[in-house]
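Enquirer: Please read through the structure below; I'll follow up with questions.
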Amino acid sequence: MAHRFTCTERVQFSDTDMAGIVHFSNFFRYMERVEHAFFRSLGFSIVDPLEPGQERVGWPRVHASCDYMAPLRFEEEFECELIVEEVRSKVLRHLIRFWKKDGTLAAEGRITAACVRKDPTTGQMKAVAIPQRFVDKIEAAPPELLKRPEKIIPG
């Protein structure tokens, strides 16, 4: 079962502000991208395909936050680390860290996503239990991974 996923990104010119550093709002895009990549690594999509015999679910965000520690600059490569912080019956919480190549923590964010299903009659979204196919592959990380390290050793 998975509780951690990493991928490498590069700061694009369009991600930066007038000072040449990543605009704060783009960290939320990075968080979404690593979340989608995590789902793909498990054989899923954030847009749950309708499979015979399965009901489609969605994952709207009910909370998102980010704290910033060090700037990322145009052309800089960085590592996105997603750690599954909590798995509840209807909710997933992800801790997402952004690491500079020298091991400095650039930012740390959190996303909480609810598992929902659209009512076929009313069209309203309703929180539902996370389907077993997800529960079988996603688990909460051990507590020691959730503690904020000051630096990582690049490698």
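Labels used: A, B, ... for chains in the order of the structure tokens, numbers from 1 for residues in each chain, and numbers from 1 for ligands as shown.
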Using DSSP on the backbone coordinates, identify all residues within stretch 53-148 of chain A classified as strand (DSSP E or B); present the result as an MDAnalysis selection string.

Expert: chainID A and resid 58 61:68 73 77:87 91:100 104:114 116:118 125:127 138

Enquirer: Out of stretch 23-119 of chain A, which residues get helix (DSSP H, G or I) from DSSP, as a PyMOL selection string?

Expert: chain A and resi 26-41

Enquirer: Need to verify the contact set: A:Val116, 8 Å, only C-alpha atoms, exclusion of same-chain residues closer than 6 positions in sequence. Can you return it as an MDAnalysis selection string?

Expert: chainID A and resid 57:60 90 125:128

Enquirer: Output C-alpha atoms of each residue in that selection to a file, as a short mmCIF file (atom, residue, chain, number, x, y, z; two decimals), in the first residue's frame.

Expert:
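Result file again.cif:
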data_model
loop_
_atom_site.label_atom_id
_atom_site.label_comp_id
_atom_site.auth_asym_id
_atom_site.auth_seq_id
_atom_site.Cartn_x
_atom_site.Cartn_y
_atom_site.Cartn_z
CA VAL A 57 -16.66 9.12 -7.40
CA GLY A 58 -15.07 12.55 -7.33
CA TRP A 59 -12.52 14.20 -5.03
CA PRO A 60 -13.37 17.87 -4.45
CA LYS A 90 -14.84 9.63 3.41
CA MET A 125 -22.84 15.82 -4.61
CA LYS A 126 -22.82 13.81 -1.40
CA ALA A 127 -19.88 12.56 0.66
CA VAL A 128 -19.63 8.77 0.49
#

Enquirer: Which neighbours of A:Arg4 fall inside 8 Å, counting only C-alpha atoms, when residues of the same chain fewer than 3 positions from it are skipped, and could you give them as a PDB file with N, CA and C atoms, in the first residue's frame?

Expert:
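The new file result.pdb reads:
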ATOM      1  N   GLU A  81       6.909  16.167  -2.820  1.00  0.00           N
ATOM      2  CA  GLU A  81       6.731  14.962  -2.013  1.00  0.00           C
ATOM      3  C   GLU A  81       5.321  14.968  -1.435  1.00  0.00           C
ATOM      4  N   LEU A  82       4.516  13.990  -1.796  1.00  0.00           N
ATOM      5  CA  LEU A  82       3.177  13.830  -1.247  1.00  0.00           C
ATOM      6  C   LEU A  82       3.224  12.717  -0.213  1.00  0.00           C
ATOM      7  N   ILE A  83       2.729  13.010   0.971  1.00  0.00           N
ATOM      8  CA  ILE A  83       2.637  12.025   2.040  1.00  0.00           C
ATOM      9  C   ILE A  83       1.165  11.947   2.451  1.00  0.00           C
ATOM     10  N   VAL A  84       0.618  10.753   2.465  1.00  0.00           N
ATOM     11  CA  VAL A  84      -0.769  10.584   2.902  1.00  0.00           C
ATOM     12  C   VAL A  84      -0.785  10.754   4.414  1.00  0.00           C
ATOM     13  N   ALA A 141       0.585   7.484   6.242  1.00  0.00           N
ATOM     14  CA  ALA A 141       2.021   7.329   6.490  1.00  0.00           C
ATOM     15  C   ALA A 141       2.292   7.162   7.978  1.00  0.00           C
TER      16      ALA A 141
END

Enquirer: Pick the closest to A:His3 from A:Gln132, A:Asn26, A:Thr112, A:Ser41: which is it, counting only C-alpha atoms?

Expert: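 Counting only C-alpha atoms, the residue closest to A:His3 is A:Ser41.
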
Enquirer: Near A:Gly43, within 12 Å and counting only C-alpha atoms, which residues show up once chain neighbours fewer than 2 positions away are dropped, as a list in words?

Expert: Ala2, His36, Ala37, Phe38, Phe39, Arg40, Ser41, Ser45, Ile46, Val47, Asp48, Pro49, Arg133, Phe134, Asp136, Lys137 and Ile138 of chain A

Enquirer: Take the residues from that selection and put them in a file with C-alpha atoms, as an mmCIF file, in the first residue's frame.

Expert:
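Output below, filename out_2.cif:
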data_model
loop_
_atom_site.group_PDB
_atom_site.id
_atom_site.type_symbol
_atom_site.label_atom_id
_atom_site.label_comp_id
_atom_site.auth_asym_id
_atom_site.auth_seq_id
_atom_site.Cartn_x
_atom_site.Cartn_y
_atom_site.Cartn_z
ATOM 1 C CA ALA A 2 1.168 3.515 -0.773
ATOM 2 C CA HIS A 36 -2.882 13.564 -9.750
ATOM 3 C CA ALA A 37 0.484 11.875 -10.373
ATOM 4 C CA PHE A 38 0.079 9.954 -7.094
ATOM 5 C CA PHE A 39 -3.337 8.681 -8.209
ATOM 6 C CA ARG A 40 -1.910 7.683 -11.624
ATOM 7 C CA SER A 41 0.954 5.807 -9.917
ATOM 8 C CA SER A 45 -7.255 8.934 -12.216
ATOM 9 C CA ILE A 46 -8.530 11.850 -10.185
ATOM 10 C CA VAL A 47 -11.407 11.719 -12.690
ATOM 11 C CA ASP A 48 -12.699 8.291 -11.832
ATOM 12 C CA PRO A 49 -13.648 6.464 -15.058
ATOM 13 C CA ARG A 133 -10.442 -0.174 -4.673
ATOM 14 C CA PHE A 134 -8.848 3.021 -3.239
ATOM 15 C CA ASP A 136 -6.798 -1.275 -0.798
ATOM 16 C CA LYS A 137 -3.988 0.878 -2.242
ATOM 17 C CA ILE A 138 -3.763 3.992 -0.029
#
